[in-house]
Structures are given as C-alpha cells and as structure tokens.
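See below for the structure under consideration.
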Amino acid sequence: MRRHWVFVLLALCATCTALALEGGTGTPFSPYVDESGNIRRPEGYRDTWTHLGTYFIVGDSEQTHRMHSVYAEKGYLDSYNQTGQWPDGTVLIKEVMRTAGAQLTTGASNWATEPEVWFVMVKDNKRRFPNHPLWGEGWGWALYRSERPNVQVAKNYKQDCLGCHVPAKETDFIYLQGYPSIRKKTDGPLKNGRLGR
C-alpha cells in the first residue's frame with residue numbers, strides 16, 4: 001500500500017511539473033514573462049548568452065549611426081540550428097547602441113558606446129495571451145529605453161514593433177542573414193538578403 005502512494009505522489013509531481021511548464025498553473029513559461037504576459041528585460045545577457053550577430057545601421061550623420069546586436073541563450077540557438085524553428089520560450093534581445101567613430105590605422109571605424117534601446121521577443125508557440133496587445137504572430141514583443149531601462153514602453157506590437165519585422169515574415173519575423181552562427185548552418189545561400197531554402 002505504501003508503494004502505491006509513492007507512485008501516486010510521483011505521478012502528481014510529474015503532472016504538476018508538466019502543467020507548470022505549460023503555464024497551466026499560472027506559472028510563467030519563461031522566467032522573463034509573468035502570468036499576465038508582461039515581459040521583463042533580461043540582464044546579464046552579454047556575459048552568458050550567445051551573440052548572434054550585429055547590424056551596423058548607417059544614419060544621416062556620425063551621431064545617428066547605430067549598432068544592433070542580438071543575443072539568445074545558447075540552448076535555444078542550438079535547437080534552432082537543429083530544427084529550423086525557434087522553440088517555445090525562446091528569448092531574443094536586440095541591444096541598440098549609439099556609436100562613435102574615427103579614422104584609425106585600420107581605416108574609418110565605428111564602435112558601440114552606450115545602449116539606447118532594447119527590443120525583447122519571446123517565442124510563444126501556444127498562443128498563451130490571445131487578447132494581449134503585445135502578443136501576436138507567435139511572439140511576445142517588448143521595448144525598453146535607456147532612460148528608464150526597466151520600464152516596458154510598447155503599447156501594441158502591431159503599431160510599435162511589427163512594421164520593422166514584416167519583411168522577415170518568411171523567416172518567422174527574424175532577420176537571419178546577419179547571424180553567422182545561424183547562417184553557416186542553413187541549407188542555402190543568401191539571395192537578395194534572404195536565406196535560400
């Protein structure tokens with residue numbers, strides 16, 4: 001009889017764990033998302049996450065050039081490289097940095113100085129927040145500015161976030177061509193800025 005209760009307790013624990021992972025008990029499916037769908041900006045990503053790549057954005061003047069560096073946790077990147085799909089719970093953070101520049105011995109150079117904004121995307125394959133204005137297209141979307149780095153300022157992903165990502169709709173709204181750690185594992189070359197399949 002005692003053995004029977006041990007198995008019952010183990011089964012209950014397994015069920016509770018599964019529900020927690022699915023978000024069925026109110027437990028967030030990601031450490032960066034609460035039960036209401038609010039997204040927290042990750043910290044320490046430069047120290048422990050994988051740098052996917054950096055885009056250099058040419059502005060109208062030296063003062064308006066920007067560097068967009070994107071990071072993901074290595075396990076999610078490994079899964080993407082194996083399956084071609086971002087797994088549920090993947091978090092991508094894009095750090096937009098102001099830049100400075102000068103003529104150096106290597107030529108005209110620019111480098112990142114301080115953060116301006118952060119964009120955070122969280123993959124949601126289960127469509128957990130169907131009525132939330134910052135969740136849609138299979139992702140949660142968030143925006144933080146350097147003057148208040150812990151305050152999420154986007155109001156609606158369709159108005160504040162999606163427009164820049166529409167050209168990358170075929171690759172799940174992510175611009176893959178700037179990420180060498182992904183590009184080298186794809187089965188086709190870049191064509192017109194898009195990955196060939």
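Ligands are numbered from 1 in the order shown, chains are lettered A, B, ... in the order of the structure tokens, and residues start at 1 in each chain.
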> Which polymer residues have any atom within 12 Å of an atom of region 59-73 of chain A, counting only C-alpha atoms, with same-chain residues fewer than 3 positions away left out, as an MDAnalysis selection string?
Replying inline: chainID A and resid 42:56 76:80 86:87 89:102 108:123 174:176 178:182
> In region 38-153 of chain A, what's strand (DSSP E or B) per DSSP? Answer as a PyMOL selection string?
Replying inline: chain A and resi 39+50-57+66-72+91-104+107-123+135-136+139-145+148-152
> Which neighbours of Tyr144 (chain A) fall inside 8 Å, counting only C-alpha atoms, when residues of the same chain fewer than 4 positions from it are skipped, and could you give them as a ChimeraX atom specification?
Replying inline: /A:41,117-119,148-154
> Which polymer residues have any atom within 9 Å of an atom of Tyr157 (chain A), counting only C-alpha atoms, with same-chain residues fewer than 2 positions away left out, as an MDAnalysis selection string?
Replying inline: chainID A and resid 133:136 140:142 154:155 159:163
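Distance-wise, CA of Lys169 (chain A) and CA of Gln82 (chain A) end up 20.3 Å apart.
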